[in-house]
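Have a look at the structure below, then the notes.
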Number of protein chains: 2
Amino acid sequence: MHTALHPSASDALHFINEYHTSKPEKTMLLVMGECIVDYQGRARSLLDWGERLIMIKQDGTVLVHQPVMREPVNWQPTGSITEFKIKDEQLILNCRHLHPAEKMRVAFRRLKLVTATSLVDHANLIIAGMEIDVVNQIVSDPTIIEENLRIVKREKPVKTGSIDLFGFDKNHVPVVIEVKRSLATISSVHQLRMYVKDIKKDRKEPKVRGILCAPRVPDMVKKLLEEHNLEWREVERKVVLPDNRQRTLKEF
Amino acid sequence: MHTALHPSASDALHFINEYHTSKPEKTMLLVMGECIVDYQGRARSLLDWGERLIMIKQDGTVLVHQPVMREPVNWQPTGSITEFKIKDEQLILNCRHLHPAEKMRVAFRRLKLVTATSLVDHANLIIAGMEIDVVNQIVSDPTIIEENLRIVKREKPVKTGSIDLFGFDKNHVPVVIEVKRSLATISSVHQLRMYVKDIKKDRKEPKVRGILCAPRVPDMVKKLLEEHNLEWREVERKVVLPDNRQRTLKEF
DNA sequence: GCCTAGGTCCCGTGC
DNA sequence: GCACGGGGCCTAGGC
C-alpha cells in the first residue's frame with residue numbers, strides 16, 4: 001500500500017514507475033485529480049476539466065469516475081495497456097485496447113492523490129433471483145403456470161435462439177414458455193412469437209400455445225400478446241439463496 | 001483531502017464521522033480493505049471475504065470494485081443513504097435505497113486505506129458516434145440509403161414506439177428506416193417489422209418498405225430480413241465531433 | 001410515477 | 001473469433 005498526497009506531476013510519475021509500471025497485473029492504481037479526457041474508438045468523446053477518480057485495475061480495466069452517478073464517464077475495457085508520461089508539466093495517461101480498437105488519454109493538471117496497492121480477491125459472487133431461478137421454480141412446480149402442465153425441456157434450441165421452457169398442456173397441446181425475471185417487454189413478445197412459429201413449423205402442429213411468464217406485464221405488452229393470440233402469467237418471484245447460504249433477514 | 005492508512009475500525013469510524021457523515025453530498029469516500037458484502041433487493045447476493053475498493057459518491061451511489069473487471073461486483077443506486085458503525089470490532093457499512101427497495105451491507109475485517117475528499121466537476125461529456133449521429137448523417141444525405149429518397153419525419157411515433165426515419169422512395173412508396181449504431185440484431189428486425197405493420201395499418205397502404213441500416217448486418221439477421229421481405233443497408237459510420245474534425249475508425 | 005429504447009452497454013455462453 | 005441474450009443492467013426521454 002503506497003500513497004502520494006498532492007504530488008507534482010514528476011513525483012507522481014516516479015511514484016507510478018516505482019509501484020505500478022513494473023507489475024500492473026498485480027497493482028491497482030488510483031489517481032485522483034483535475035483532468036481532461038479524450039476517447040476514441042467505438043465512439044469519440046471529449047470531457048472538459050474537472051476533478052475525477054481514475055482507477056486502473058489489475059486486468060487493465062480503466063475507469064474514470066465523476067463525483068456522481070453509477071457509471072464511469074469514460075473507461076477502457078479489460079485488457080487495456082496503460083502508459084504514463086509527462087507533457088507540458090502535466091501527467092498524461094494513455095491507454096490502448098485492441099479489439100475493439102480504442103484509446104483514451106487523460107491529462108492531469110492537478111493531482112490530489114495517487115495510490116498503488118495489490119488487492120487479493122478470489123471470492124465469487126453468489127446470487128439468487130435471476131431468470132434461471134424463476135425457470136427452476138416453474139420446473140419444480142409447473143402448477144405455478146397451470147394444472148396438468150408437463151415440462152419436457154429447458155433451453156430447447158430452435159432456429160433463432162433457445163426456448164426457456166417447453167412442454168405440453170392437459171390436452172397434449174405444445175406450450176412454449178418465455179420467462180423474464182422482472183418486467184416483460186415488447187421485445188419478449190417478439191421472442192415468444194418467433195419461438196412459437198419455429199415450433200409450429202418444426203412439428204407441423206397447427207396449434208401451439210405461447211406463454212410469457214414474468215412478475216409484471218405492462219398493459220401495452222398484454223395488448224400485443226392478445227393481438228398475437230399469446231398468453232401471460234404474472235408470477236411472484238421468490239428470491240432464495242441455496243440453503244446453506246440462506247440467512248434470516250434479521251441480520252440486516 | 002483527508003486520508004487514513006491502515007486504520008483500526010474505530011479510527012476509521014472516527015475519521016468517517018469527522019470527514020464524511022456530516023456532508024456526504026459534498027464528499028467522496030473511498031474505503032479499501034478486506035470485506036464481505038451482503039445485498040438484498042431486486043435480487044439477493046453474498047460475496048465472501050476479499051480485498052476490494054468501495055467508493056461512496058457524492059450523490060449516494062455506492063460501488064464495490066474487485067481488482068478486475070469493468071463492472072462493480074456490488075453496488076447501490078444513486079440516492080442511497082449510507083451509515084457506518086462498528087460491530088464485533090469490524091467496520092460496517094449499511095446502505096439503503098427506496099424505489100427500488102434495496103439494501104447492502106459491507107463488513108470490513110481489515111482496512112488498508114480510507115480517504116475523504118470533495119470533488120468538483122461541472123463538465124459534461126461531448127460524444128459523437130451515437131445512433132442519433134447516424135440518423136443525422138442520413139437526413140443530411142439520404143442518397144446514403146438510395147437515390148431519390150425523401151425523408152419526411154424523424155422519431156415518427158407509432159402505436160408501439162417510434163420510427164427512427166420515415167419517408168418515401170422515388171415511386172412514392174412509404175419507407176420505414178430503422179437505424180443501429182453498430183451491430184444489427186434479430187431484435188432490430190422485430191422492431192422494423194412492427195413499425196412497417198403499424199404504418200400499413202395506419203395508412204391503409206398495401207406496400208410499405210422497411211430498411212434496416214447498420215454498419216454491420218450478420219447473416220442470420222439478413223436471412224430473417226429476407227423472410228419478411230425487408231431490406232438492409234450496411235453504411236460506414238463516421239464519428240464526427242461538433243468541431244468538424246472528421247475521422248473514421250479506420251485511423252486505428 | 002410508468003415504460004420504452006439506446007448503450008463506447010458489459011458479460012457469459014455456445015457455436 | 002462472432003453473435004445472441006440476460007442484467008440487481010444504467011440512463012435519458014416521453015407521457
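Ligands are numbered from 1 in the order shown, residues from 1 within each chain, and chains are lettered A, B, ... in the order they appear in the C-alpha cells.
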For a quick test of understanding: name the residues of chain D lying within 12 Å of chain A when counting only C-alpha atoms (C1' of nucleotides), and present them as JSON, numbers by chain.
{"D": [1, 3, 4, 5, 6, 7, 8, 9, 10, 11]}
Ordered Cα pairing of chain A with chain B, RMSD after least-squares superposition:
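Here the RMSD amounts to 1.8 Å.
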Counting only C-alpha atoms, a student should be able to say which residues of chain A come within 7 Å of chain B; what is the right answer, written as an mmCIF file with N, CA and C atoms, in the first residue's frame?
```cif
data_model
loop_
_atom_site.group_PDB
_atom_site.id
_atom_site.type_symbol
_atom_site.label_atom_id
_atom_site.label_comp_id
_atom_site.auth_asym_id
_atom_site.auth_seq_id
_atom_site.Cartn_x
_atom_site.Cartn_y
_atom_site.Cartn_z
ATOM 1 N N MET A 28 -3.374 -2.329 -8.268
ATOM 2 C CA MET A 28 -4.438 -1.391 -8.610
ATOM 3 C C MET A 28 -3.937 0.029 -8.332
ATOM 4 N N GLY A 41 -12.747 5.473 -30.288
ATOM 5 C CA GLY A 41 -12.869 4.040 -30.506
ATOM 6 C C GLY A 41 -14.235 3.752 -31.083
ATOM 7 N N ALA A 43 -16.844 4.957 -30.225
ATOM 8 C CA ALA A 43 -17.385 6.309 -30.418
ATOM 9 C C ALA A 43 -16.222 7.269 -30.195
ATOM 10 N N ARG A 44 -16.510 8.542 -30.058
ATOM 11 C CA ARG A 44 -15.459 9.518 -29.773
ATOM 12 C C ARG A 44 -16.021 10.512 -28.789
ATOM 13 N N SER A 45 -15.219 10.907 -27.795
ATOM 14 C CA SER A 45 -15.746 11.845 -26.806
ATOM 15 C C SER A 45 -14.653 12.723 -26.240
ATOM 16 N N LEU A 46 -15.095 13.882 -25.748
ATOM 17 C CA LEU A 46 -14.219 14.814 -25.051
ATOM 18 C C LEU A 46 -14.873 15.176 -23.729
ATOM 19 N N LEU A 47 -14.045 15.289 -22.695
ATOM 20 C CA LEU A 47 -14.538 15.691 -21.379
ATOM 21 C C LEU A 47 -13.637 16.802 -20.866
ATOM 22 N N ASP A 48 -14.250 17.934 -20.584
ATOM 23 C CA ASP A 48 -13.502 19.134 -20.166
ATOM 24 C C ASP A 48 -12.966 18.982 -18.736
ATOM 25 N N TRP A 49 -12.189 19.953 -18.301
ATOM 26 C CA TRP A 49 -11.562 19.899 -16.985
ATOM 27 C C TRP A 49 -12.568 19.675 -15.861
ATOM 28 N N GLY A 50 -12.146 18.840 -14.930
ATOM 29 C CA GLY A 50 -12.960 18.561 -13.757
ATOM 30 C C GLY A 50 -12.213 17.580 -12.862
ATOM 31 N N GLU A 51 -12.665 17.472 -11.618
ATOM 32 C CA GLU A 51 -11.995 16.574 -10.678
ATOM 33 C C GLU A 51 -12.636 15.189 -10.722
ATOM 34 N N ARG A 52 -11.824 14.170 -10.905
ATOM 35 C CA ARG A 52 -12.313 12.784 -11.005
ATOM 36 C C ARG A 52 -11.377 11.810 -10.332
ATOM 37 N N LYS A 57 -7.392 -1.052 -12.947
ATOM 38 C CA LYS A 57 -7.496 -2.345 -12.281
ATOM 39 C C LYS A 57 -6.388 -3.292 -12.733
ATOM 40 N N GLN A 58 -6.293 -4.421 -12.043
ATOM 41 C CA GLN A 58 -5.172 -5.330 -12.254
ATOM 42 C C GLN A 58 -5.278 -6.120 -13.551
ATOM 43 N N ASP A 59 -6.444 -6.030 -14.208
ATOM 44 C CA ASP A 59 -6.604 -6.672 -15.518
ATOM 45 C C ASP A 59 -6.565 -5.654 -16.656
ATOM 46 N N THR A 61 -8.381 -2.900 -16.942
ATOM 47 C CA THR A 61 -9.572 -2.046 -16.975
ATOM 48 C C THR A 61 -9.233 -0.648 -16.443
ATOM 49 N N GLN A 66 -16.680 10.360 -12.232
ATOM 50 C CA GLN A 66 -17.035 11.694 -11.741
ATOM 51 C C GLN A 66 -17.614 11.558 -10.332
ATOM 52 N N PRO A 67 -17.843 12.678 -9.627
ATOM 53 C CA PRO A 67 -18.328 12.588 -8.242
ATOM 54 C C PRO A 67 -19.762 12.075 -8.100
ATOM 55 N N VAL A 68 -20.466 11.906 -9.211
ATOM 56 C CA VAL A 68 -21.841 11.385 -9.149
ATOM 57 C C VAL A 68 -22.090 10.329 -10.226
ATOM 58 N N MET A 69 -23.152 9.565 -10.049
ATOM 59 C CA MET A 69 -23.637 8.561 -10.995
ATOM 60 C C MET A 69 -22.903 7.225 -10.867
ATOM 61 N N ARG A 70 -23.632 6.163 -11.131
ATOM 62 C CA ARG A 70 -23.064 4.827 -11.016
ATOM 63 C C ARG A 70 -22.065 4.520 -12.120
ATOM 64 N N PRO A 77 -11.828 -0.971 -21.742
ATOM 65 C CA PRO A 77 -12.207 -2.337 -21.346
ATOM 66 C C PRO A 77 -11.046 -3.112 -20.728
ATOM 67 N N THR A 78 -11.406 -4.234 -20.113
ATOM 68 C CA THR A 78 -10.439 -5.215 -19.610
ATOM 69 C C THR A 78 -9.390 -5.515 -20.679
ATOM 70 N N ALA A 101 -10.838 -1.739 -31.145
ATOM 71 C CA ALA A 101 -9.731 -0.792 -31.180
ATOM 72 C C ALA A 101 -10.167 0.515 -30.538
ATOM 73 N N LEU A 119 -4.469 -5.821 -4.584
ATOM 74 C CA LEU A 119 -5.681 -6.369 -3.963
ATOM 75 C C LEU A 119 -5.783 -7.857 -4.285
ATOM 76 N N VAL A 120 -6.050 -8.642 -3.259
ATOM 77 C CA VAL A 120 -6.203 -10.086 -3.432
ATOM 78 C C VAL A 120 -7.653 -10.451 -3.164
ATOM 79 N N ASP A 121 -8.296 -11.060 -4.141
ATOM 80 C CA ASP A 121 -9.711 -11.369 -4.007
ATOM 81 C C ASP A 121 -10.043 -12.560 -4.898
ATOM 82 N N HIS A 122 -10.285 -13.705 -4.274
ATOM 83 C CA HIS A 122 -10.631 -14.896 -5.058
ATOM 84 C C HIS A 122 -12.093 -15.295 -4.882
ATOM 85 N N ALA A 123 -12.863 -14.434 -4.265
ATOM 86 C CA ALA A 123 -14.265 -14.778 -3.991
ATOM 87 C C ALA A 123 -15.125 -14.586 -5.231
ATOM 88 N N ASN A 124 -16.135 -15.447 -5.371
ATOM 89 C CA ASN A 124 -17.120 -15.288 -6.434
ATOM 90 C C ASN A 124 -18.461 -14.905 -5.837
ATOM 91 N N LEU A 125 -19.179 -14.118 -6.577
ATOM 92 C CA LEU A 125 -20.491 -13.689 -6.118
ATOM 93 C C LEU A 125 -21.481 -14.848 -6.180
ATOM 94 N N ILE A 126 -22.201 -15.054 -5.085
ATOM 95 C CA ILE A 126 -23.332 -15.994 -5.087
ATOM 96 C C ILE A 126 -24.582 -15.147 -5.192
ATOM 97 N N ILE A 127 -25.407 -15.421 -6.194
ATOM 98 C CA ILE A 127 -26.550 -14.543 -6.415
ATOM 99 C C ILE A 127 -27.809 -15.343 -6.726
ATOM 100 N N ALA A 128 -28.925 -14.889 -6.218
ATOM 101 C CA ALA A 128 -30.212 -15.541 -6.445
ATOM 102 C C ALA A 128 -31.230 -14.507 -6.894
ATOM 103 N N GLY A 129 -32.243 -14.988 -7.615
ATOM 104 C CA GLY A 129 -33.279 -14.081 -8.083
ATOM 105 C C GLY A 129 -33.111 -13.747 -9.545
ATOM 106 N N SER A 187 -40.137 -6.601 -26.562
ATOM 107 C CA SER A 187 -39.149 -7.492 -27.147
ATOM 108 C C SER A 187 -39.362 -8.951 -26.726
ATOM 109 N N HIS A 190 -41.878 -10.494 -28.985
ATOM 110 C CA HIS A 190 -41.325 -10.876 -30.281
ATOM 111 C C HIS A 190 -40.570 -12.193 -30.181
ATOM 112 N N VAL A 239 -36.956 -14.948 -4.028
ATOM 113 C CA VAL A 239 -35.512 -14.768 -4.050
ATOM 114 C C VAL A 239 -34.928 -15.600 -2.920
#
```
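For the pair atom CA of B:Ile144 and atom CA of B:Pro218, the separation is 19.8 Å.
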Please identify the strand (DSSP E or B) residues within stretch 1-250 of chain B (assignment by DSSP from backbone atoms) and present them as number ranges by chain.
B: 2-5, 28-40, 44-56, 62-65, 74-76, 81-87, 90-97, 102-117, 125-128, 150-158, 161-168, 174-179, 183, 209-214, 216, 231-234, 239-240, 246-247
Kindly provide, as a PyMOL selection string, the residues of chain C having any atom no farther than 8 Å from an atom of chain B, counting only C-alpha atoms (C1' of nucleotides).
chain C and resi 4+6+10
Using DSSP assignments from the backbone, pull out every residue in stretch 120-245 of chain A that falls under helix (DSSP H, G or I) and give it to me as a compact mmCIF listing (two decimals) with C-alpha atoms, in the first residue's frame.
```txt
# COMPACT_ATOMS: atom_id res chain seq x y z
CA GLU A 131 -34.11 -15.66 -14.62
CA ILE A 132 -32.66 -19.13 -14.15
CA ASP A 133 -34.14 -19.25 -10.64
CA VAL A 134 -37.62 -18.46 -11.94
CA VAL A 135 -37.18 -21.23 -14.52
CA ASN A 136 -36.17 -23.67 -11.75
CA GLN A 137 -39.20 -22.64 -9.71
CA ILE A 138 -41.53 -23.48 -12.62
CA VAL A 139 -39.79 -26.78 -13.34
CA SER A 140 -40.14 -27.89 -9.73
CA PRO A 142 -45.44 -26.37 -13.07
CA THR A 143 -48.82 -25.66 -11.46
CA ILE A 144 -47.45 -22.13 -10.98
CA ILE A 186 -42.33 -5.74 -26.18
CA SER A 187 -39.15 -7.49 -27.15
CA SER A 188 -40.06 -10.54 -25.04
CA VAL A 189 -43.30 -10.80 -27.04
CA HIS A 190 -41.32 -10.88 -30.28
CA GLN A 191 -39.06 -13.59 -28.90
CA LEU A 192 -42.07 -15.67 -27.87
CA ARG A 193 -43.81 -15.18 -31.23
CA MET A 194 -40.73 -16.34 -33.08
CA TYR A 195 -40.31 -19.45 -30.93
CA VAL A 196 -43.98 -20.40 -31.33
CA LYS A 197 -43.62 -20.01 -35.08
CA ASP A 198 -40.48 -22.17 -35.12
CA ILE A 199 -42.22 -24.94 -33.16
CA LYS A 200 -45.26 -24.84 -35.43
CA LYS A 201 -43.01 -25.25 -38.44
CA ASP A 202 -40.79 -27.94 -36.84
CA ARG A 203 -43.61 -30.11 -35.58
CA ASP A 219 -50.70 -3.15 -20.47
CA MET A 220 -49.07 -2.41 -23.81
CA VAL A 221 -47.36 -5.79 -23.70
CA LYS A 222 -50.60 -7.55 -22.76
CA LYS A 223 -52.34 -5.93 -25.71
CA LEU A 224 -49.59 -7.04 -28.06
CA LEU A 225 -49.80 -10.59 -26.68
CA GLU A 226 -53.54 -10.67 -27.23
CA GLU A 227 -53.13 -9.45 -30.81
CA ASP A 243 -29.99 -23.49 1.75
CA ASN A 244 -26.59 -23.40 3.35
CA ARG A 245 -26.19 -19.79 2.33
```
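The space between atom CA of A:Leu212 and atom C1' of C:DA5 spans 20.5 Å.
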Mind pulling up the distance from atom CA of B:Val114 to atom CA of A:Gln90?
26.5 Å
Could you name the residues that touch A:Glu155 at 7 Å or less, counting only C-alpha atoms (C1' of nucleotides), but leaving out those on the same chain fewer than 4 positions away, as a ChimeraX atom specification?
/A:162-165
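Among the candidates A:Val176, A:Leu183, A:Ile92, A:Ala214, the one nearest to A:Leu111 when counting only C-alpha atoms is A:Ile92.
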